[in-house]
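Next comes input-v1.csv, a file with CSV, C-alpha atoms.
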```
chain,number,residue,atom,x,y,z
A,1,MET,CA,-10.0,11.9,-39.6
A,2,GLU,CA,-10.3,12.8,-36.0
A,3,HIS,CA,-13.5,14.2,-34.6
A,4,GLU,CA,-13.7,18.0,-35.1
A,5,LEU,CA,-14.0,18.5,-31.3
A,6,LYS,CA,-10.7,16.6,-30.8
A,7,GLU,CA,-9.0,19.0,-33.2
A,8,PHE,CA,-10.7,21.9,-31.5
A,9,ILE,CA,-9.5,20.9,-28.1
A,10,LYS,CA,-5.9,20.6,-29.5
A,11,LYS,CA,-6.2,24.2,-30.7
A,12,CYS,CA,-7.3,25.2,-27.2
A,13,ASP,CA,-4.4,23.3,-25.6
A,14,GLU,CA,-1.9,24.9,-28.0
A,15,ALA,CA,-3.3,28.4,-27.2
A,16,ILE,CA,-2.8,27.7,-23.5
A,17,LYS,CA,0.7,26.5,-24.1
A,18,GLN,CA,1.6,29.6,-26.1
A,19,GLU,CA,-0.3,31.8,-23.6
A,20,ASN,CA,-2.3,33.3,-26.5
A,21,PHE,CA,-5.2,34.1,-24.2
A,22,ASP,CA,-7.0,36.4,-26.6
A,23,THR,CA,-7.1,33.6,-29.2
A,24,LEU,CA,-8.2,31.2,-26.5
A,25,MET,CA,-11.1,33.4,-25.5
A,26,LYS,CA,-12.5,33.1,-29.0
A,27,TYR,CA,-13.0,29.4,-28.3
A,28,TYR,CA,-15.4,30.1,-25.4
A,29,THR,CA,-19.0,31.2,-25.5
A,30,GLU,CA,-19.7,34.6,-24.1
A,31,ASP,CA,-21.3,33.3,-20.9
A,32,ALA,CA,-18.9,30.3,-20.5
A,33,ILE,CA,-17.7,29.2,-17.1
A,34,LEU,CA,-14.4,27.8,-16.1
A,35,VAL,CA,-13.9,25.8,-12.8
A,36,VAL,CA,-10.7,27.4,-11.7
A,37,LYS,CA,-10.5,25.1,-8.7
A,38,PRO,CA,-13.1,23.2,-6.7
A,39,GLY,CA,-15.5,25.8,-5.3
A,40,ARG,CA,-14.3,28.6,-7.5
A,41,VAL,CA,-15.7,29.5,-10.9
A,42,ALA,CA,-14.8,32.2,-13.5
A,43,ARG,CA,-17.7,33.4,-15.5
A,44,GLY,CA,-17.5,35.1,-18.9
A,45,ARG,CA,-14.5,35.6,-21.2
A,46,GLU,CA,-13.0,38.5,-19.1
A,47,GLU,CA,-12.9,36.5,-15.9
A,48,ILE,CA,-11.8,33.4,-17.7
A,49,LYS,CA,-8.9,35.2,-19.3
A,50,LYS,CA,-7.8,36.6,-16.0
A,51,ALA,CA,-8.0,33.1,-14.5
A,52,PHE,CA,-5.9,31.7,-17.2
A,53,ILE,CA,-3.2,34.4,-16.7
A,54,ALA,CA,-3.2,33.5,-13.0
A,55,ILE,CA,-3.0,29.7,-13.8
A,56,ALA,CA,-0.1,30.3,-16.2
A,57,LYS,CA,1.7,32.2,-13.5
A,58,TYR,CA,1.0,29.5,-10.9
A,59,PHE,CA,2.6,27.0,-13.2
A,60,ASN,CA,5.7,29.2,-13.7
A,61,ASN,CA,4.6,30.1,-17.3
A,62,SER,CA,5.4,26.5,-18.4
A,63,LEU,CA,2.0,24.9,-18.5
A,64,VAL,CA,1.5,22.3,-21.3
A,65,PRO,CA,-1.9,20.6,-21.4
A,66,THR,CA,-2.5,17.5,-23.5
A,67,GLN,CA,-5.3,15.0,-23.8
A,68,GLY,CA,-5.2,11.3,-23.5
A,69,GLU,CA,-8.2,9.0,-23.8
A,70,MET,CA,-11.3,10.9,-24.9
A,71,ILE,CA,-15.0,10.1,-25.2
A,72,ILE,CA,-17.2,12.5,-27.2
A,73,LEU,CA,-21.0,12.4,-26.4
A,74,GLU,CA,-22.7,14.5,-29.1
A,75,ALA,CA,-26.4,15.4,-29.0
A,76,GLY,CA,-27.3,17.8,-31.7
A,77,ASP,CA,-25.7,21.2,-31.0
A,78,THR,CA,-24.4,20.1,-27.6
A,79,ALA,CA,-21.5,17.8,-26.7
A,80,LEU,CA,-20.1,16.5,-23.5
A,81,VAL,CA,-16.4,15.5,-23.7
A,82,ILE,CA,-14.9,13.2,-21.1
A,83,SER,CA,-11.2,13.4,-21.4
A,84,GLN,CA,-8.0,12.4,-19.6
A,85,THR,CA,-6.3,15.8,-19.3
A,86,LEU,CA,-2.6,15.7,-18.6
A,87,LEU,CA,-0.8,18.8,-17.3
A,88,ASP,CA,2.9,19.2,-17.6
A,89,ALA,CA,4.8,22.2,-16.0
A,90,GLU,CA,8.1,23.2,-14.5
A,91,LYS,CA,6.5,23.1,-11.1
A,92,LYS,CA,6.9,20.0,-8.9
A,93,ASP,CA,4.7,21.0,-6.0
A,94,SER,CA,1.3,21.7,-7.5
A,95,GLU,CA,-1.5,21.2,-5.0
A,96,PHE,CA,-3.7,20.1,-7.9
A,97,SER,CA,-3.7,16.8,-9.8
A,98,MET,CA,-1.7,16.9,-13.1
A,99,ASP,CA,-3.6,13.8,-14.4
A,100,ARG,CA,-7.3,14.5,-14.5
A,101,ARG,CA,-10.6,13.0,-15.8
A,102,ALA,CA,-12.1,16.2,-17.2
A,103,THR,CA,-15.6,17.1,-18.3
A,104,TYR,CA,-16.1,19.8,-21.0
A,105,VAL,CA,-19.4,20.9,-22.5
A,106,PHE,CA,-19.4,22.4,-26.0
A,107,LYS,CA,-22.1,24.2,-28.0
A,108,LYS,CA,-22.3,24.7,-31.7
A,109,ASN,CA,-23.1,28.3,-32.7
A,110,THR,CA,-25.3,29.4,-35.5
A,111,GLN,CA,-22.2,29.4,-37.8
A,112,GLY,CA,-21.7,25.8,-37.1
A,113,ASN,CA,-18.6,26.3,-34.9
A,114,TRP,CA,-18.1,24.6,-31.6
A,115,LEU,CA,-17.4,26.8,-28.6
A,116,CYS,CA,-16.6,25.7,-25.0
A,117,ALA,CA,-19.5,26.6,-22.6
A,118,ILE,CA,-18.4,24.7,-19.5
A,119,ASP,CA,-14.7,23.9,-18.7
A,120,ASN,CA,-14.4,21.6,-15.7
A,121,SER,CA,-11.1,19.9,-15.7
A,122,TYR,CA,-11.8,18.4,-12.3
A,123,GLY,CA,-14.6,16.2,-13.6
A,124,THR,CA,-16.6,14.3,-11.0
A,125,ASP,CA,-13.9,15.0,-8.4
A,126,LEU,CA,-15.9,18.1,-7.5
A,127,ILE,CA,-18.0,15.8,-5.3
A,128,ASN,CA,-16.1,13.9,-2.7
A,129,SER,CA,-18.7,11.6,-1.3
B,1,MET,CA,-35.4,27.0,-2.2
B,2,GLU,CA,-33.5,24.3,-4.1
B,3,HIS,CA,-32.1,25.0,-7.5
B,4,GLU,CA,-34.7,24.3,-10.2
B,5,LEU,CA,-32.5,21.7,-11.8
B,6,LYS,CA,-32.4,19.8,-8.5
B,7,GLU,CA,-36.2,19.8,-8.5
B,8,PHE,CA,-36.3,18.8,-12.1
B,9,ILE,CA,-33.9,15.8,-11.6
B,10,LYS,CA,-36.2,14.7,-8.7
B,11,LYS,CA,-39.1,14.6,-11.1
B,12,CYS,CA,-37.1,12.5,-13.5
B,13,ASP,CA,-36.1,10.1,-10.7
B,14,GLU,CA,-39.8,9.8,-9.7
B,15,ALA,CA,-40.8,9.1,-13.3
B,16,ILE,CA,-38.2,6.3,-13.5
B,17,LYS,CA,-39.4,4.8,-10.2
B,18,GLN,CA,-43.0,4.9,-11.3
B,19,GLU,CA,-42.0,3.7,-14.8
B,20,ASN,CA,-43.9,6.6,-16.3
B,21,PHE,CA,-41.7,6.6,-19.4
B,22,ASP,CA,-44.0,8.8,-21.5
B,23,THR,CA,-43.8,11.5,-18.9
B,24,LEU,CA,-40.0,10.9,-18.6
B,25,MET,CA,-39.5,11.4,-22.3
B,26,LYS,CA,-41.0,14.9,-22.0
B,27,TYR,CA,-37.9,15.8,-19.9
B,28,TYR,CA,-35.5,15.0,-22.7
B,29,THR,CA,-34.6,17.0,-25.8
B,30,GLU,CA,-35.6,15.5,-29.1
B,31,ASP,CA,-32.0,14.6,-30.0
B,32,ALA,CA,-31.0,13.7,-26.4
B,33,ILE,CA,-28.6,10.8,-25.8
B,34,LEU,CA,-28.5,8.3,-22.9
B,35,VAL,CA,-25.4,6.3,-22.1
B,36,VAL,CA,-27.1,2.9,-21.5
B,37,LYS,CA,-23.8,1.3,-20.6
B,38,PRO,CA,-20.1,2.1,-21.5
B,39,GLY,CA,-19.9,1.9,-25.3
B,40,ARG,CA,-23.6,1.9,-25.9
B,41,VAL,CA,-25.7,5.0,-26.5
B,42,ALA,CA,-29.4,5.4,-27.1
B,43,ARG,CA,-30.2,8.4,-29.3
B,44,GLY,CA,-33.6,10.3,-29.4
B,45,ARG,CA,-36.7,9.8,-27.3
B,46,GLU,CA,-37.8,6.6,-28.9
B,47,GLU,CA,-34.5,4.8,-28.4
B,48,ILE,CA,-34.2,6.2,-24.9
B,49,LYS,CA,-37.7,5.1,-23.9
B,50,LYS,CA,-36.9,1.5,-25.1
B,51,ALA,CA,-33.6,1.6,-23.2
B,52,PHE,CA,-35.4,2.7,-20.0
B,53,ILE,CA,-37.9,-0.2,-20.4
B,54,ALA,CA,-35.0,-2.6,-20.8
B,55,ILE,CA,-33.2,-1.1,-17.8
B,56,ALA,CA,-36.4,-1.4,-15.7
B,57,LYS,CA,-36.7,-5.0,-16.6
B,58,TYR,CA,-33.0,-5.7,-15.9
B,59,PHE,CA,-33.6,-4.3,-12.4
B,60,ASN,CA,-36.7,-6.5,-11.9
B,61,ASN,CA,-39.0,-3.5,-12.2
B,62,SER,CA,-37.8,-2.2,-8.8
B,63,LEU,CA,-35.4,0.5,-9.7
B,64,VAL,CA,-35.3,3.6,-7.5
B,65,PRO,CA,-32.8,6.3,-8.4
B,66,THR,CA,-31.9,9.0,-5.9
B,67,GLN,CA,-29.3,11.8,-5.9
B,68,GLY,CA,-26.7,12.5,-3.2
B,69,GLU,CA,-24.2,15.3,-3.3
B,70,MET,CA,-24.7,17.5,-6.4
B,71,ILE,CA,-22.8,20.3,-8.1
B,72,ILE,CA,-24.6,22.4,-10.7
B,73,LEU,CA,-22.4,24.3,-13.2
B,74,GLU,CA,-24.7,26.7,-15.1
B,75,ALA,CA,-23.6,28.7,-18.2
B,76,GLY,CA,-26.5,30.6,-19.7
B,77,ASP,CA,-28.9,28.1,-21.3
B,78,THR,CA,-26.6,25.2,-20.7
B,79,ALA,CA,-25.8,23.3,-17.4
B,80,LEU,CA,-23.6,20.5,-16.4
B,81,VAL,CA,-24.7,18.6,-13.3
B,82,ILE,CA,-22.2,16.4,-11.4
B,83,SER,CA,-24.1,14.2,-9.1
B,84,GLN,CA,-23.8,11.2,-6.8
B,85,THR,CA,-26.5,8.9,-8.3
B,86,LEU,CA,-27.6,6.1,-6.1
B,87,LEU,CA,-29.5,3.2,-7.5
B,88,ASP,CA,-31.6,0.9,-5.4
B,89,ALA,CA,-33.3,-2.2,-6.7
B,90,GLU,CA,-34.4,-5.7,-5.8
B,91,LYS,CA,-31.5,-7.2,-7.6
B,92,LYS,CA,-28.3,-8.1,-5.8
B,93,ASP,CA,-26.2,-9.2,-8.8
B,94,SER,CA,-26.0,-6.0,-11.0
B,95,GLU,CA,-22.9,-5.9,-13.1
B,96,PHE,CA,-23.0,-2.1,-12.9
B,97,SER,CA,-22.2,0.2,-10.0
B,98,MET,CA,-25.2,1.2,-7.9
B,99,ASP,CA,-23.3,4.3,-6.5
B,100,ARG,CA,-22.2,6.5,-9.4
B,101,ARG,CA,-20.6,9.9,-10.1
B,102,ALA,CA,-22.9,11.0,-12.9
B,103,THR,CA,-22.6,13.8,-15.5
B,104,TYR,CA,-25.8,15.2,-16.9
B,105,VAL,CA,-26.1,18.1,-19.4
B,106,PHE,CA,-29.3,20.2,-19.5
B,107,LYS,CA,-30.4,22.8,-22.0
B,108,LYS,CA,-33.0,25.5,-21.5
B,109,ASN,CA,-35.6,25.6,-24.3
B,110,THR,CA,-37.2,28.8,-25.7
B,111,GLN,CA,-40.0,28.5,-23.1
B,112,GLY,CA,-37.4,28.6,-20.4
B,113,ASN,CA,-37.7,25.0,-19.3
B,114,TRP,CA,-34.7,22.8,-18.7
B,115,LEU,CA,-34.5,19.5,-20.7
B,116,CYS,CA,-31.9,16.8,-20.5
B,117,ALA,CA,-29.7,16.6,-23.5
B,118,ILE,CA,-27.0,14.2,-22.4
B,119,ASP,CA,-27.6,11.6,-19.7
B,120,ASN,CA,-24.4,9.9,-18.7
B,121,SER,CA,-24.7,8.2,-15.3
B,122,TYR,CA,-21.2,6.7,-15.7
B,123,GLY,CA,-19.5,10.1,-15.5
B,124,THR,CA,-15.7,9.9,-16.1
B,125,ASP,CA,-15.7,6.1,-15.6
B,126,LEU,CA,-16.2,5.9,-19.4
B,127,ILE,CA,-12.5,6.3,-19.7
B,128,ASN,CA,-10.4,3.8,-17.8
B,129,SER,CA,-6.9,5.1,-18.1
```

Represent the structure of the file as C-alpha cells.
Amino acid sequence: MEHELKEFIKKCDEAIKQENFDTLMKYYTEDAILVVKPGRVARGREEIKKAFIAIAKYFNNSLVPTQGEMIILEAGDTALVISQTLLDAEKKDSEFSMDRRATYVFKKNTQGNWLCAIDNSYGTDLINS
Amino acid sequence: MEHELKEFIKKCDEAIKQENFDTLMKYYTEDAILVVKPGRVARGREEIKKAFIAIAKYFNNSLVPTQGEMIILEAGDTALVISQTLLDAEKKDSEFSMDRRATYVFKKNTQGNWLCAIDNSYGTDLINS
C-alpha cells in the first residue's frame, strides 16, 4: 500500500485538474500558505483559492499536475514531502518550470487527517545563490 | 531585527560548532528527525545526538556550519526554512557537499518556542530525477 500522504497528494492533484477548488481547500489548514511564485505568497484558504483560480486561468484551464519521485520525511504529526512535481498544460510559453523539485509540509489534525500547511512547489529554487 | 527563526538557527549552528550536543538537543522536538545522509534518518533526540557525534568525528571535530541566503515560510505554528547551508571543516575529502540548499521544518510549542522537527540539509537533492 502506498503511504497515505502519497494518496492524499493524488487527491489534491485530481482536485486541481478538475478545478474543484472548494474540495481542494478542505485539504489545506486554515492558516496554510501557498508560494504562488517566488516572492509571492497566498495566505489562508480564501487567498489560496483565488490564487488557484488565477493559476488555472494562466494555464488556459488545462493544468494537470502529477508527482514523480517522492520522499516522505515524517516526524510525529508533521511531514515534509520532497517531490518531483510535473505540470502539464495546453500552454507552451509558461515562464515557470513545468518540472519542479517541490517541498510540501503537512500537519496531522486532531482527527488524524493530514492537511497541507505549506505548499511550495518551487522547493529550494526560491534561493538562487 | 532578524526573524526569530534566523536567530534560533544561529544558536543551533553555534551549538554544533561548540559540540554542545546536549544543548543542541533542546532545540529539537522529541520526535524530530535528522537526515544524516540520503537514505539514512536519525529519529528522536537520542539517535540525533549520536548522529551529530558521528558527524563531528567525520569532520575531524572541526565542523562549522553557517547559513547564507534564507527564506522563511511561516504558517501559524509551523515553518519551512529554505536555506543555503555552508559547512566548513578541516577535512578536504568530504564525500558530501559543503554548500547545500537545505530544508528545515520548525514547530512552535505551547510555550511559544520554535523547535526543529525535520532537519534535512540535503533539501531536494534527496530526489535525483

Review point. B:Asp119, B:Glu47, B:Glu2, B:Glu90: which is nearest Tyr27 of chain B, counting only C-alpha atoms?
Key: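 Looking at the shortest contact to Tyr27 of chain B, the residue is B:Asp119.
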
Practice item. Check every residue of chain A for an atom within 7 Å of chain B, counting all atoms listed in the file, and provide those that qualify as a PyMOL selection string. Key: chain A and resi 31-33+69+75-76+82+101+117-118+123-124+127+129

Practice item. Determine, counting all atoms listed in the file, which protein, DNA and RNA residues have an atom within 12 Å of an atom of Ser97 of chain A; residues of the same chain fewer than 5 positions away are not included. Present the result as a list in words. Key: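 Close residues of Ser97 of chain A: Lys37, Pro38, Gln84, Thr85, Leu86, Leu87, Asp88, Ala89, Lys92, Ala102, Ser121, Tyr122, Gly123 and Asp125 of chain A.
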
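Checking B:Thr66, B:Glu14, B:Met25, B:Leu115 one by one against Ala51 of chain B, counting all atoms listed in the file, you find the shortest gap at B:Met25.
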
Check your understanding: Quick one, how far is atom CA of Glu46 of chain A from atom CA of Cys12 of chain A?
Key ->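 Distance reported for this atom pair: 16.6 Å.
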
Practice item. Kindly indicate which residue among A:Glu7, A:Glu19, A:Asp93, A:Asp99 lies nearest to Ser62 of chain A, using only C-alpha atoms for the distances. Key: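 Checking each candidate against Ser62 of chain A, we get A:Glu19 as the closest.
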
Just save segment 69-84 of chain A with all heavy atoms, as a compact mmCIF listing (two decimals), in the first residue's frame.
```txt
# COMPACT_ATOMS: atom_id res chain seq x y z
N GLU A 69 9.12 11.02 -8.60
CA GLU A 69 9.82 10.50 -7.42
C GLU A 69 9.46 11.33 -6.18
O GLU A 69 9.32 12.55 -6.26
CB GLU A 69 11.34 10.56 -7.66
CG GLU A 69 12.11 9.72 -6.67
CD GLU A 69 13.62 9.80 -6.88
OE1 GLU A 69 14.07 10.25 -7.95
OE2 GLU A 69 14.35 9.43 -5.94
N MET A 70 9.26 10.66 -5.07
CA MET A 70 8.81 11.34 -3.85
C MET A 70 9.49 10.76 -2.62
O MET A 70 9.63 9.55 -2.50
CB MET A 70 7.28 11.16 -3.74
CG MET A 70 6.62 12.00 -2.66
SD MET A 70 4.83 11.63 -2.53
CE MET A 70 4.19 12.46 -3.99
N ILE A 71 9.91 11.66 -1.72
CA ILE A 71 10.48 11.23 -0.44
C ILE A 71 9.60 11.84 0.66
O ILE A 71 9.33 13.05 0.64
CB ILE A 71 11.92 11.77 -0.26
CG1 ILE A 71 12.85 11.21 -1.34
CG2 ILE A 71 12.43 11.47 1.16
CD1 ILE A 71 13.62 9.98 -0.97
N ILE A 72 9.15 11.01 1.60
CA ILE A 72 8.30 11.49 2.69
C ILE A 72 9.09 11.42 4.00
O ILE A 72 9.53 10.34 4.40
CB ILE A 72 7.00 10.65 2.78
CG1 ILE A 72 6.19 10.82 1.48
CG2 ILE A 72 6.18 11.03 4.00
CD1 ILE A 72 5.04 9.85 1.32
N LEU A 73 9.29 12.58 4.61
CA LEU A 73 10.02 12.65 5.89
C LEU A 73 9.01 12.97 6.97
O LEU A 73 8.54 14.11 7.09
CB LEU A 73 11.11 13.74 5.81
CG LEU A 73 12.19 13.53 4.75
CD1 LEU A 73 13.04 14.79 4.60
CD2 LEU A 73 13.07 12.33 5.09
N GLU A 74 8.66 11.97 7.78
CA GLU A 74 7.56 12.08 8.74
C GLU A 74 8.14 12.15 10.15
O GLU A 74 8.95 11.32 10.55
CB GLU A 74 6.68 10.83 8.58
CG GLU A 74 5.27 10.99 9.08
CD GLU A 74 4.44 9.74 8.79
OE1 GLU A 74 4.78 8.97 7.87
OE2 GLU A 74 3.46 9.53 9.52
N ALA A 75 7.69 13.15 10.91
CA ALA A 75 8.13 13.32 12.31
C ALA A 75 6.89 13.59 13.16
O ALA A 75 6.45 14.73 13.29
CB ALA A 75 9.13 14.46 12.43
N GLY A 76 6.32 12.52 13.71
CA GLY A 76 5.11 12.69 14.51
C GLY A 76 3.97 13.23 13.66
O GLY A 76 3.63 12.65 12.63
N ASP A 77 3.41 14.37 14.07
CA ASP A 77 2.24 14.93 13.37
C ASP A 77 2.63 15.91 12.26
O ASP A 77 1.79 16.66 11.77
CB ASP A 77 1.30 15.61 14.37
CG ASP A 77 1.97 16.79 15.08
OD1 ASP A 77 3.16 17.07 14.80
OD2 ASP A 77 1.30 17.43 15.91
N THR A 78 3.90 15.90 11.88
CA THR A 78 4.40 16.82 10.86
C THR A 78 5.16 16.02 9.80
O THR A 78 5.85 15.07 10.15
CB THR A 78 5.35 17.86 11.49
OG1 THR A 78 4.68 18.49 12.59
CG2 THR A 78 5.76 18.94 10.51
N ALA A 79 5.00 16.41 8.54
CA ALA A 79 5.74 15.71 7.48
C ALA A 79 6.21 16.70 6.42
O ALA A 79 5.51 17.65 6.08
CB ALA A 79 4.87 14.63 6.84
N LEU A 80 7.42 16.45 5.95
CA LEU A 80 7.97 17.21 4.82
C LEU A 80 8.03 16.24 3.65
O LEU A 80 8.61 15.16 3.76
CB LEU A 80 9.37 17.73 5.15
CG LEU A 80 10.17 18.35 4.00
CD1 LEU A 80 9.50 19.61 3.47
CD2 LEU A 80 11.60 18.70 4.46
N VAL A 81 7.40 16.65 2.55
CA VAL A 81 7.44 15.83 1.34
C VAL A 81 8.29 16.54 0.29
O VAL A 81 8.06 17.72 0.00
CB VAL A 81 6.01 15.56 0.80
CG1 VAL A 81 6.07 14.80 -0.52
CG2 VAL A 81 5.19 14.78 1.82
N ILE A 82 9.28 15.82 -0.20
CA ILE A 82 10.13 16.31 -1.30
C ILE A 82 9.64 15.56 -2.53
O ILE A 82 9.65 14.32 -2.53
CB ILE A 82 11.62 15.94 -1.06
CG1 ILE A 82 12.10 16.35 0.34
CG2 ILE A 82 12.50 16.46 -2.17
CD1 ILE A 82 12.41 17.78 0.51
N SER A 83 9.18 16.27 -3.55
CA SER A 83 8.55 15.58 -4.66
C SER A 83 8.89 16.21 -6.00
O SER A 83 9.00 17.42 -6.13
CB SER A 83 7.03 15.61 -4.47
OG SER A 83 6.39 14.82 -5.44
N GLN A 84 9.08 15.33 -6.99
CA GLN A 84 9.19 15.82 -8.35
C GLN A 84 7.78 16.11 -8.85
O GLN A 84 6.97 15.18 -8.99
CB GLN A 84 9.85 14.75 -9.23
CG GLN A 84 10.03 15.22 -10.67
CD GLN A 84 10.48 14.10 -11.60
OE1 GLN A 84 10.29 12.92 -11.32
NE2 GLN A 84 11.07 14.47 -12.72
```
